[in-house]
$ cat target.csv   # CSV, C-alpha atoms
chain,number,residue,atom,x,y,z
X,1379,MET,CA,24.5,2.8,25.1
X,1380,ALA,CA,23.5,6.2,23.6
X,1381,SER,CA,26.3,6.0,20.9
X,1382,ARG,CA,25.5,2.3,20.2
X,1383,TRP,CA,21.9,3.0,19.4
X,1384,GLY,CA,22.3,6.4,18.0
X,1385,ALA,CA,22.5,5.1,14.4
X,1386,VAL,CA,19.3,3.2,14.6
X,1387,THR,CA,17.5,6.1,16.3
X,1388,VAL,CA,18.4,8.4,13.3
X,1389,LEU,CA,17.5,5.7,10.7
X,1390,ALA,CA,14.3,4.9,12.5
X,1391,SER,CA,13.4,8.6,12.4
X,1392,ALA,CA,13.8,8.6,8.7
X,1393,GLN,CA,11.8,5.3,8.4
X,1394,PHE,CA,9.0,7.0,10.5
X,1395,VAL,CA,8.7,9.8,8.0
X,1396,MET,CA,8.7,7.4,5.0
X,1397,THR,CA,5.6,5.8,6.4
X,1398,LEU,CA,3.8,8.7,8.1
X,1399,ASP,CA,2.4,10.8,5.3
X,1400,SER,CA,0.6,7.9,3.5
X,1401,THR,CA,-1.2,7.0,6.7
X,1402,VAL,CA,-2.1,10.6,7.3
X,1403,MET,CA,-3.3,11.1,3.8
X,1404,ASN,CA,-5.5,8.0,4.0
X,1405,VAL,CA,-7.6,9.5,6.8
X,1406,SER,CA,-7.4,13.0,5.4
X,1407,ILE,CA,-8.1,12.3,1.8
X,1408,SER,CA,-11.7,13.6,1.8
X,1409,THR,CA,-10.6,16.9,3.4
X,1410,VAL,CA,-7.7,17.3,1.0
X,1411,VAL,CA,-10.1,16.8,-1.9
X,1412,LYS,CA,-12.3,19.7,-0.5
X,1413,ASP,CA,-9.4,22.0,0.3
X,1414,LEU,CA,-7.8,21.7,-3.1
X,1415,HIS,CA,-11.1,21.6,-5.0
X,1416,THR,CA,-10.2,18.3,-6.6
X,1417,THR,CA,-11.6,14.7,-6.8
X,1418,ILE,CA,-11.0,11.3,-5.2
X,1419,SER,CA,-9.8,10.2,-8.6
X,1420,ALA,CA,-7.2,12.9,-8.8
X,1421,MET,CA,-5.9,11.9,-5.3
X,1422,GLN,CA,-5.7,8.3,-6.4
X,1423,ALA,CA,-3.7,9.4,-9.4
X,1424,CYS,CA,-1.2,11.1,-7.0
X,1425,ILE,CA,-0.9,7.9,-5.0
X,1426,THR,CA,-0.5,5.9,-8.3
X,1427,PHE,CA,2.2,8.2,-9.6
X,1428,TYR,CA,4.1,8.0,-6.2
X,1429,THR,CA,4.1,4.3,-6.6
X,1430,LEU,CA,5.3,4.5,-10.2
X,1431,THR,CA,8.1,6.9,-9.2
X,1432,MET,CA,9.3,4.4,-6.6
X,1433,ALA,CA,9.0,1.4,-9.0
X,1434,ALA,CA,10.9,3.2,-11.7
X,1435,PHE,CA,13.9,4.4,-9.7
X,1436,MET,CA,14.2,2.1,-6.6
X,1437,LEU,CA,17.0,-0.1,-8.1
X,1438,LEU,CA,18.8,3.0,-9.4
X,1439,GLY,CA,18.6,4.6,-6.0
X,1440,ALA,CA,20.1,1.5,-4.4
X,1441,LYS,CA,23.0,1.5,-6.9
X,1442,LEU,CA,23.6,5.2,-6.3
X,1443,GLY,CA,24.0,4.3,-2.7
X,1444,ASP,CA,27.0,2.2,-3.7
X,1445,VAL,CA,28.4,4.9,-6.0
X,1446,TRP,CA,27.9,7.9,-3.7
X,1447,GLY,CA,28.2,6.1,-0.4
X,1448,ARG,CA,25.2,4.9,1.6
X,1449,ARG,CA,25.2,7.7,4.1
X,1450,ARG,CA,25.6,10.3,1.4
X,1451,ALA,CA,22.6,8.7,-0.4
X,1452,LEU,CA,20.7,9.0,2.8
X,1453,VAL,CA,21.6,12.7,3.2
X,1454,ILE,CA,20.8,13.6,-0.4
X,1455,GLY,CA,17.5,11.6,-0.3
X,1456,SER,CA,16.5,13.3,3.0
X,1457,ILE,CA,17.1,16.7,1.5
X,1458,VAL,CA,15.0,15.9,-1.6
X,1459,TYR,CA,12.3,14.3,0.5
X,1460,ALA,CA,12.2,17.4,2.8
X,1461,VAL,CA,11.8,19.7,-0.2
X,1462,GLY,CA,8.9,17.5,-1.4
X,1463,SER,CA,7.3,17.6,2.0
X,1464,GLY,CA,7.6,21.3,2.2
X,1465,THR,CA,6.1,21.7,-1.3
X,1466,THR,CA,3.2,19.5,-0.3
X,1467,ALA,CA,2.6,21.4,2.9
X,1468,LEU,CA,2.3,24.7,0.9
X,1469,ALA,CA,0.4,23.2,-2.1
X,1470,PRO,CA,-2.3,25.6,-3.3
X,1471,ASN,CA,-3.7,23.0,-5.8
X,1472,ILE,CA,-3.6,19.4,-6.8
X,1473,VAL,CA,-0.9,20.1,-9.4
X,1474,VAL,CA,1.6,21.4,-6.8
X,1475,LEU,CA,0.7,18.6,-4.4
X,1476,PHE,CA,1.3,16.1,-7.2
X,1477,LEU,CA,4.8,17.5,-7.9
X,1478,GLY,CA,5.7,17.7,-4.2
X,1479,TRP,CA,4.3,14.4,-3.0
X,1480,SER,CA,4.2,12.1,-6.0
X,1481,VAL,CA,7.4,13.2,-7.7
X,1482,VAL,CA,9.8,14.9,-5.4
X,1483,GLU,CA,9.0,12.9,-2.3
X,1484,GLY,CA,9.1,9.7,-4.4
X,1485,LEU,CA,12.6,10.6,-5.8
X,1486,GLY,CA,13.8,11.2,-2.2
X,1487,ALA,CA,12.3,7.9,-1.0
X,1488,VAL,CA,14.2,5.8,-3.6
X,1489,LEU,CA,17.4,7.0,-2.1
X,1490,VAL,CA,16.4,6.9,1.6
X,1491,ILE,CA,14.7,3.5,1.7
X,1492,PRO,CA,17.5,1.3,0.4
X,1493,ALA,CA,20.1,3.3,2.4
X,1494,ILE,CA,18.2,2.7,5.7
X,1495,ALA,CA,18.2,-1.1,5.2
X,1496,ALA,CA,21.9,-1.2,4.1
X,1497,LEU,CA,23.1,1.1,6.9
X,1498,ILE,CA,21.3,-0.9,9.6
X,1499,ALA,CA,23.0,-4.0,8.3
X,1500,ASP,CA,26.3,-2.1,8.1
X,1501,ASN,CA,26.1,-0.7,11.7
X,1502,TYR,CA,24.9,-3.8,13.6
X,1503,SER,CA,25.5,-7.5,13.7
X,1504,GLY,CA,24.2,-10.5,15.6
X,1505,HIS,CA,21.2,-10.0,17.9
X,1506,ALA,CA,21.9,-6.3,17.9
X,1507,ARG,CA,21.0,-6.3,14.2
X,1508,VAL,CA,17.8,-8.2,14.9
X,1509,THR,CA,16.9,-5.5,17.5
X,1510,ALA,CA,17.8,-2.7,15.1
X,1511,PHE,CA,15.7,-4.1,12.3
X,1512,ALA,CA,12.8,-4.6,14.7
X,1513,ALA,CA,13.2,-0.9,15.7
X,1514,ILE,CA,12.9,0.0,12.1
X,1515,GLY,CA,9.8,-2.1,11.8
X,1516,ALA,CA,8.5,-0.6,15.0
X,1517,ALA,CA,9.2,2.9,13.6
X,1518,SER,CA,6.9,2.0,10.7
X,1519,GLY,CA,4.4,0.7,13.2
X,1520,VAL,CA,4.5,3.9,15.3
X,1521,ALA,CA,3.9,5.9,12.1
X,1522,VAL,CA,1.0,3.7,11.3
X,1523,ALA,CA,-0.2,4.0,14.8
X,1524,VAL,CA,0.0,7.7,15.2
X,1525,GLY,CA,-0.5,8.7,11.6
X,1526,PRO,CA,-4.3,8.2,11.6
X,1527,LEU,CA,-4.6,9.9,15.0
X,1528,ILE,CA,-2.3,12.8,14.1
X,1529,GLY,CA,-3.9,13.2,10.7
X,1530,GLY,CA,-7.4,12.9,12.1
X,1531,PHE,CA,-6.7,15.4,14.9
X,1532,LEU,CA,-5.0,18.0,12.7
X,1533,THR,CA,-7.4,17.6,9.9
X,1534,THR,CA,-10.4,18.0,12.2
X,1535,TYR,CA,-9.0,20.9,14.3
X,1536,ALA,CA,-6.3,22.5,12.2
X,1537,SER,CA,-4.9,21.4,8.8
X,1538,TRP,CA,-3.4,18.3,7.2
X,1539,ARG,CA,-0.6,20.6,6.0
X,1540,TYR,CA,1.1,20.6,9.4
X,1541,VAL,CA,1.9,17.0,9.1
X,1542,PHE,CA,4.1,17.6,6.0
X,1543,ALA,CA,5.7,20.6,7.7
X,1544,GLY,CA,6.5,18.4,10.6
X,1545,GLU,CA,8.2,15.9,8.3
X,1546,VAL,CA,10.5,18.7,7.1
X,1547,VAL,CA,11.5,19.2,10.8
X,1548,ILE,CA,12.2,15.5,11.3
X,1549,MET,CA,14.3,15.2,8.2
X,1550,ALA,CA,16.3,18.2,9.3
X,1551,VAL,CA,17.0,16.4,12.6
X,1552,VAL,CA,18.1,13.3,10.6
X,1553,LEU,CA,20.5,15.5,8.6
X,1554,LEU,CA,21.8,17.2,11.8
X,1555,PHE,CA,22.7,13.8,13.4
X,1556,ARG,CA,23.8,12.0,10.2
X,1557,ASN,CA,27.4,11.6,11.5
X,1558,VAL,CA,26.3,9.1,14.2
X,1559,VAL,CA,25.6,6.7,11.4
X,1560,ALA,CA,28.7,4.8,10.3
X,1561,ASP,CA,29.2,4.0,6.6
X,1562,ASN,CA,31.8,1.3,6.3
X,1563,GLY,CA,30.9,0.3,2.7
X,1564,GLU,CA,33.4,1.1,0.0
X,1565,ARG,CA,32.2,3.4,-2.8
X,1566,LEU,CA,32.2,1.8,-6.2
X,1567,ARG,CA,33.8,3.7,-9.0
X,1568,ILE,CA,31.6,2.4,-11.8
X,1569,ARG,CA,29.5,3.6,-14.7
X,1570,ILE,CA,25.8,2.8,-14.3
X,1571,ASP,CA,24.4,1.1,-17.3
X,1572,ILE,CA,21.7,3.3,-18.8
X,1573,LEU,CA,20.0,0.6,-20.7
X,1574,SER,CA,19.6,-1.4,-17.5
X,1575,VAL,CA,18.0,1.6,-15.8
X,1576,VAL,CA,15.6,2.1,-18.8
X,1577,LEU,CA,14.6,-1.6,-18.9
X,1578,SER,CA,14.1,-1.9,-15.2
X,1579,ALA,CA,12.1,1.4,-14.9
X,1580,ALA,CA,9.9,0.6,-17.9
X,1581,ALA,CA,9.3,-3.0,-16.8
X,1582,LEU,CA,8.4,-2.2,-13.2
X,1583,VAL,CA,6.3,0.9,-14.2
X,1584,LEU,CA,4.2,-1.2,-16.7
X,1585,ILE,CA,3.7,-4.1,-14.3
X,1586,VAL,CA,2.8,-1.9,-11.3
X,1587,TYR,CA,0.6,0.4,-13.5
X,1588,GLY,CA,-1.2,-2.6,-15.0
X,1589,LEU,CA,-2.0,-4.0,-11.5
X,1590,LEU,CA,-3.1,-0.5,-10.3
X,1591,GLN,CA,-5.6,-0.3,-13.1
X,1592,THR,CA,-7.3,-3.7,-12.4
X,1593,LYS,CA,-10.1,-2.0,-10.5
X,1594,THR,CA,-10.8,0.4,-13.3
X,1595,TRP,CA,-10.2,-1.9,-16.3
X,1596,GLY,CA,-10.7,-5.4,-14.8
X,1597,TRP,CA,-8.3,-8.3,-14.8
X,1598,ILE,CA,-9.4,-10.1,-18.0
X,1599,LEU,CA,-12.9,-9.1,-18.9
X,1600,PRO,CA,-13.2,-5.4,-19.5
X,1601,THR,CA,-15.2,-3.4,-16.9
X,1602,GLN,CA,-15.3,-0.4,-19.3
X,1603,GLN,CA,-16.4,-1.3,-22.8
X,1604,ASN,CA,-14.6,1.7,-24.3
X,1605,ILE,CA,-11.2,0.6,-22.9
X,1606,LYS,CA,-10.3,-2.8,-24.3
X,1607,ILE,CA,-7.9,-4.6,-26.6
X,1608,LEU,CA,-9.1,-7.4,-28.7
X,1609,GLY,CA,-12.2,-7.6,-26.6
X,1610,ILE,CA,-10.4,-8.0,-23.2
X,1611,SER,CA,-9.0,-5.7,-20.6
X,1612,PRO,CA,-5.7,-3.9,-21.4
X,1613,VAL,CA,-4.3,-5.2,-18.1
X,1614,PRO,CA,-2.9,-8.5,-19.3
X,1615,PHE,CA,-1.2,-6.8,-22.3
X,1616,ILE,CA,0.4,-4.1,-20.1
X,1617,VAL,CA,1.6,-6.5,-17.5
X,1618,GLY,CA,2.7,-9.0,-20.1
X,1619,PHE,CA,4.8,-6.4,-21.9
X,1620,GLY,CA,6.3,-5.3,-18.6
X,1621,ALA,CA,7.2,-8.9,-17.9
X,1622,VAL,CA,8.9,-9.2,-21.3
X,1623,LEU,CA,10.9,-6.0,-20.5
X,1624,LEU,CA,11.8,-7.4,-17.1
X,1625,TRP,CA,13.1,-10.6,-18.7
X,1626,LEU,CA,15.2,-8.5,-21.1
X,1627,PHE,CA,16.5,-6.6,-18.0
X,1628,PHE,CA,17.7,-9.9,-16.4
X,1629,LEU,CA,19.3,-11.0,-19.7
X,1630,ARG,CA,21.1,-7.6,-19.8
X,1631,GLN,CA,22.4,-8.1,-16.2
X,1632,ARG,CA,23.8,-11.5,-17.1
X,1633,ARG,CA,25.4,-10.2,-20.2
X,1634,LEU,CA,27.1,-7.4,-18.2
X,1635,ILE,CA,28.4,-9.9,-15.7
X,1636,ARG,CA,29.8,-12.1,-18.4
X,1637,LEU,CA,31.5,-9.0,-19.9
X,1638,GLY,CA,33.0,-8.1,-16.5
X,1639,ARG,CA,31.0,-4.9,-16.3
X,1640,PRO,CA,29.0,-3.9,-13.2
X,1641,PRO,CA,25.3,-4.7,-13.4
X,1642,LEU,CA,22.5,-2.6,-12.0
X,1643,LEU,CA,21.4,-5.6,-10.0
X,1644,ASN,CA,23.4,-8.8,-9.4
X,1645,THR,CA,20.7,-11.2,-10.2
X,1646,ALA,CA,22.5,-14.0,-8.4
X,1647,ILE,CA,21.2,-12.7,-5.1
X,1648,LEU,CA,17.6,-13.5,-6.3
X,1649,ARG,CA,18.5,-17.2,-6.2
X,1650,LEU,CA,19.1,-17.0,-2.5
X,1651,ARG,CA,16.2,-18.8,-0.8
X,1652,GLN,CA,16.4,-16.8,2.4
X,1653,LEU,CA,16.3,-13.5,0.5
X,1654,ARG,CA,13.3,-14.6,-1.6
X,1655,ALA,CA,11.4,-15.8,1.4
X,1656,GLY,CA,12.1,-12.5,3.3
X,1657,VAL,CA,11.1,-10.3,0.3
X,1658,GLY,CA,8.0,-12.4,-0.5
X,1659,SER,CA,6.8,-12.1,3.1
X,1660,LEU,CA,7.6,-8.4,3.2
X,1661,GLY,CA,5.4,-8.0,0.1
X,1662,ILE,CA,2.5,-9.7,1.9
X,1663,GLN,CA,3.0,-7.6,5.0
X,1664,TYR,CA,3.1,-4.3,3.0
X,1665,THR,CA,0.0,-5.4,1.0
X,1666,VAL,CA,-2.1,-6.3,4.0
X,1667,THR,CA,-1.1,-3.2,5.9
X,1668,ALA,CA,-1.7,-0.9,3.0
X,1669,GLY,CA,-5.0,-2.5,2.1
X,1670,LEU,CA,-6.3,-2.1,5.7
X,1671,PHE,CA,-5.0,1.5,6.0
X,1672,PHE,CA,-6.5,2.6,2.7
X,1673,VAL,CA,-9.7,0.7,2.2
X,1674,VAL,CA,-11.0,0.9,5.8
X,1675,PRO,CA,-10.5,4.7,6.2
X,1676,ILE,CA,-12.1,5.4,2.8
X,1677,PHE,CA,-15.1,3.2,3.7
X,1678,LEU,CA,-15.5,4.7,7.2
X,1679,GLN,CA,-15.4,8.3,5.8
X,1680,LEU,CA,-17.2,8.1,2.5
X,1681,SER,CA,-19.7,5.3,3.3
X,1682,LEU,CA,-20.3,5.8,7.0
X,1683,GLY,CA,-19.6,9.6,7.1
X,1684,LEU,CA,-17.1,9.5,10.0
X,1685,ASP,CA,-14.7,12.4,10.4
X,1686,ALA,CA,-10.9,11.9,10.2
X,1687,LEU,CA,-10.4,11.7,14.0
X,1688,SER,CA,-13.2,9.1,14.5
X,1689,THR,CA,-11.6,7.1,11.6
X,1690,GLY,CA,-8.2,7.2,13.3
X,1691,LEU,CA,-9.7,5.9,16.6
X,1692,ARG,CA,-11.4,3.0,14.8
X,1693,ILE,CA,-8.0,1.9,13.4
X,1694,PHE,CA,-6.1,2.4,16.7
X,1695,PRO,CA,-6.3,-1.2,18.0
X,1696,LEU,CA,-4.3,-2.4,14.9
X,1697,SER,CA,-1.8,0.4,15.3
X,1698,VAL,CA,-1.1,-0.4,19.0
X,1699,ALA,CA,-0.8,-4.1,18.4
X,1700,LEU,CA,1.6,-3.6,15.6
X,1701,VAL,CA,4.0,-1.6,17.8
X,1702,LEU,CA,3.7,-3.9,20.8
X,1703,PHE,CA,4.2,-7.1,18.9
X,1704,SER,CA,7.2,-5.7,17.0
X,1705,ILE,CA,8.9,-5.3,20.4
X,1706,LEU,CA,7.6,-8.8,21.5
X,1707,GLY,CA,8.9,-10.4,18.3
X,1708,THR,CA,12.4,-9.0,19.0
X,1709,ALA,CA,12.4,-10.6,22.5
X,1710,LEU,CA,11.1,-13.9,21.2
X,1711,ALA,CA,14.0,-14.0,18.6
X,1712,ARG,CA,16.3,-15.0,21.5
X,1713,ARG,CA,14.4,-18.3,21.9
X,1714,LEU,CA,12.5,-18.9,18.7
X,1715,SER,CA,13.7,-19.0,15.1
X,1716,PRO,CA,12.8,-16.1,12.7
X,1717,LYS,CA,11.0,-18.7,10.5
X,1718,LEU,CA,8.7,-19.8,13.4
X,1719,ILE,CA,8.0,-16.2,14.5
X,1720,ALA,CA,7.1,-15.2,10.9
X,1721,ARG,CA,4.9,-18.3,10.5
X,1722,ILE,CA,3.0,-17.4,13.7
X,1723,GLY,CA,2.5,-13.9,12.2
X,1724,GLN,CA,1.2,-15.4,8.9
X,1725,TYR,CA,-1.2,-17.6,10.7
X,1726,GLY,CA,-2.3,-14.6,12.7
X,1727,LEU,CA,-3.1,-12.8,9.5
X,1728,VAL,CA,-5.4,-15.6,8.5
X,1729,LEU,CA,-7.1,-15.6,11.9
X,1730,SER,CA,-7.6,-11.8,11.9
X,1731,SER,CA,-9.1,-11.9,8.4
X,1732,LEU,CA,-11.7,-14.4,9.6
X,1733,VAL,CA,-12.5,-12.3,12.7
X,1734,LEU,CA,-12.8,-9.1,10.6
X,1735,LEU,CA,-15.0,-10.8,8.0
X,1736,GLY,CA,-17.3,-11.9,10.9
X,1737,SER,CA,-17.5,-8.4,12.3
X,1738,VAL,CA,-18.7,-6.5,9.3
X,1739,ASP,CA,-22.0,-4.6,10.0
X,1740,THR,CA,-23.4,-1.3,9.0
X,1741,LYS,CA,-21.3,0.6,11.6
X,1742,LEU,CA,-18.1,-1.4,12.1
X,1743,ASP,CA,-18.2,-0.4,15.8
X,1744,ASN,CA,-18.6,-3.7,17.6
X,1745,TRP,CA,-15.9,-5.3,19.8
X,1746,ILE,CA,-15.4,-8.1,17.2
X,1747,PHE,CA,-14.1,-5.6,14.7
X,1748,GLY,CA,-11.7,-4.1,17.2
X,1749,THR,CA,-10.5,-7.6,18.1
X,1750,GLY,CA,-9.9,-8.4,14.5
X,1751,MET,CA,-7.9,-5.1,14.0
X,1752,PHE,CA,-5.8,-5.9,17.1
X,1753,LEU,CA,-5.1,-9.4,15.8
X,1754,ALA,CA,-4.1,-8.1,12.4
X,1755,GLY,CA,-1.7,-5.6,14.1
X,1756,ALA,CA,-0.2,-8.3,16.3
X,1757,ALA,CA,0.5,-10.5,13.2
X,1758,LEU,CA,2.0,-7.7,11.2
X,1759,GLY,CA,4.1,-6.7,14.2
X,1760,LEU,CA,5.6,-10.2,14.5
X,1761,LEU,CA,6.4,-10.1,10.8
X,1762,ALA,CA,7.9,-6.6,11.0
X,1763,SER,CA,10.2,-7.7,13.8
X,1764,GLN,CA,11.9,-10.4,11.7
X,1765,LEU,CA,11.7,-9.9,8.0
X,1766,GLY,CA,14.1,-7.0,7.5
X,1767,ASN,CA,16.9,-8.9,9.2
X,1768,VAL,CA,16.1,-12.1,7.4
X,1769,THR,CA,16.3,-10.3,4.0
X,1770,MET,CA,19.4,-8.3,4.6
X,1771,SER,CA,21.3,-11.1,6.4
X,1772,ALA,CA,21.0,-13.2,3.3
X,1773,VAL,CA,23.7,-11.2,1.4
X,1774,GLY,CA,27.3,-10.1,2.0
X,1775,ASP,CA,28.3,-6.6,2.9
X,1776,ASP,CA,29.0,-5.6,-0.8
X,1777,GLU,CA,25.5,-6.5,-1.8
X,1778,LEU,CA,23.6,-4.7,1.0
X,1779,SER,CA,22.5,-1.8,-1.2
X,1780,GLU,CA,21.2,-4.1,-3.9
X,1781,ALA,CA,19.3,-6.2,-1.3
X,1782,GLY,CA,17.9,-2.9,0.1
X,1783,GLY,CA,16.8,-1.9,-3.3
X,1784,VAL,CA,15.0,-5.2,-3.9
X,1785,GLN,CA,13.4,-4.9,-0.5
X,1786,GLY,CA,12.4,-1.4,-1.3
X,1787,CYS,CA,10.7,-2.5,-4.5
X,1788,THR,CA,8.2,-4.5,-2.3
X,1789,ARG,CA,7.0,-1.2,-0.9
X,1790,THR,CA,5.4,-0.4,-4.2
X,1791,TRP,CA,2.9,-3.1,-3.5
X,1792,ASP,CA,1.5,-1.3,-0.5
X,1793,ARG,CA,0.4,1.5,-2.9
X,1794,ARG,CA,-1.0,-1.1,-5.3
X,1795,SER,CA,-3.1,-2.5,-2.5
X,1796,GLY,CA,-4.5,0.9,-1.6
X,1797,ARG,CA,-5.7,1.4,-5.2
X,1798,ARG,CA,-7.7,-1.8,-5.5
$ encode --input "target.csv" --output "structure tokens"
Amino acid sequence: MASRWGAVTVLASAQFVMTLDSTVMNVSISTVVKDLHTTISAMQACITFYTLTMAAFMLLGAKLGDVWGRRRALVIGSIVYAVGSGTTALAPNIVVLFLGWSVVEGLGAVLVIPAIAALIADNYSGHARVTAFAAIGAASGVAVAVGPLIGGFLTTYASWRYVFAGEVVIMAVVLLFRNVVADNGERLRIRIDILSVVLSAAALVLIVYGLLQTKTWGWILPTQQNIKILGISPVPFIVGFGAVLLWLFFLRQRRLIRLGRPPLLNTAILRLRQLRAGVGSLGIQYTVTAGLFFVVPIFLQLSLGLDALSTGLRIFPLSVALVLFSILGTALARRLSPKLIARIGQYGLVLSSLVLLGSVDTKLDNWIFGTGMFLAGAALGLLASQLGNVTMSAVGDDELSEAGGVQGCTRTWDRRSGRR
């Protein structure tokens, strides 16, 4: 049993780290601003650039997993991520934190995230694969659960820097036990098309950046009169230009396929209904999770004046429910279809939203608010238990990295939600 589940333990540890620092930073943001003598706007810029780094290079990171080997991509990405975490832990100012967190960690993540998804699918099959993907979802849930508490405790009584130092230790453990993860995929001896990389990076960066700026610039009507194009917000122009580049990217991929050359992304997988459904639902899950774990802590700290630990305790019901219902969703998968479980989770999000809207008062400390957070966590846990397996099971073994890259791109939306 130990050897059978060794791979998912290692990969879940890496997934834990991929999620942890953002939840820690969300409850620690005001303290980090004070420690580094910076501003909330500068911290939001760091979050924005982390998102843009992932958006720009996620598809490339997935393809490098095919070229280098998925386990090697995991190893290289883990090393890069650990270097970024160490740099962030020692950051004396916002510039160094930006380089360590937003740039170096982001580059490591674009290798690790697609590799995790592909290696889970490569190491497990049948119900074991469902369980393994649920474990990955639960690892994210645990990070979401303990992140605010760890961040709140360390920020209140020690320093937020210890969290990033701890991430270095966890990634070192992942590297130490890397050989328990099998890599059965064949390495591709191909030349990556540079034009495809440029087009995909530029398109995704423009689209994500445009959406990130909606709060500052507005969707259509400009909220800042000195920043407008032809009398309206720049957002539609930026997103529209990004959409044009994305269309050119798809044309380029089809041309490469016709010429018998390897594309950066086999666009045929996007026509798979199961993959589209899984990726779309993952996008919703990430968006809701990130929105709750960014907006709520900021409101609790900056508007209500709570410290980081009190903020973490207010969020704890959602965190606990997310972990518990990730486990429950896996057990239900033996009797219910993934579609039904995911649908229950989506209905649960609607219900939790109604409860949360009815709970808002000046303190957000009544039992209705706690119930709403618990229901939101339960719904997200059910989704987390199914969606990874639904997405990755839609493709063949030779397309696992590409599907992992597409799935990884949805993680950029969680940062977008936090910026709104």
$ atom_distance --input "target.csv" --atom1 "CA of Gly1464 (chain X)" --atom2 "CA of Glu1483 (chain X)"
9.6 Å
$ residues_around --input "target.csv" --residues "region 1484-1491 of chain X" --least-positions-apart "2" --cutoff "6 Å" --atoms "all atoms listed in the file" --output "PyMOL selection string"
chain X and resi 1428+1431-1432+1436+1439+1451-1452+1455+1458-1459+1480-1482+1493-1494
$ atom_distance --input "target.csv" --atom1 "CA of Lys1441 (chain X)" --atom2 "CA of Trp1383 (chain X)"
26.4 Å
$ residues_around --input "target.csv" --residues "region 1497-1513 of chain X" --least-positions-apart "3" --cutoff "7 Å" --atoms "all atoms listed in the file" --output "PyMOL selection string"
chain X and resi 1386+1390+1448+1493-1494+1516-1517+1560-1562+1704-1705+1708+1762-1764+1766-1767+1770
$ write_last_selection --input "target.csv" --atoms "C-alpha atoms" --output "short mmCIF file (atom, residue, chain, number, x, y, z; two decimals), in the frame of the given file"
data_model
loop_
_atom_site.label_atom_id
_atom_site.label_comp_id
_atom_site.auth_asym_id
_atom_site.auth_seq_id
_atom_site.Cartn_x
_atom_site.Cartn_y
_atom_site.Cartn_z
CA VAL X 1386 19.30 3.20 14.60
CA ALA X 1390 14.30 4.90 12.50
CA ARG X 1448 25.20 4.90 1.60
CA ALA X 1493 20.10 3.30 2.40
CA ILE X 1494 18.20 2.70 5.70
CA ALA X 1516 8.50 -0.60 15.00
CA ALA X 1517 9.20 2.90 13.60
CA ALA X 1560 28.70 4.80 10.30
CA ASP X 1561 29.20 4.00 6.60
CA ASN X 1562 31.80 1.30 6.30
CA SER X 1704 7.20 -5.70 17.00
CA ILE X 1705 8.90 -5.30 20.40
CA THR X 1708 12.40 -9.00 19.00
CA ALA X 1762 7.90 -6.60 11.00
CA SER X 1763 10.20 -7.70 13.80
CA GLN X 1764 11.90 -10.40 11.70
CA GLY X 1766 14.10 -7.00 7.50
CA ASN X 1767 16.90 -8.90 9.20
CA MET X 1770 19.40 -8.30 4.60
#
$ closest_residue --input "target.csv" --among "X:Leu1477, X:Ile1514, X:Val1522, X:Ile1598" --to "Val1698 (chain X)" --atoms "all atoms listed in the file"
X:Val1522
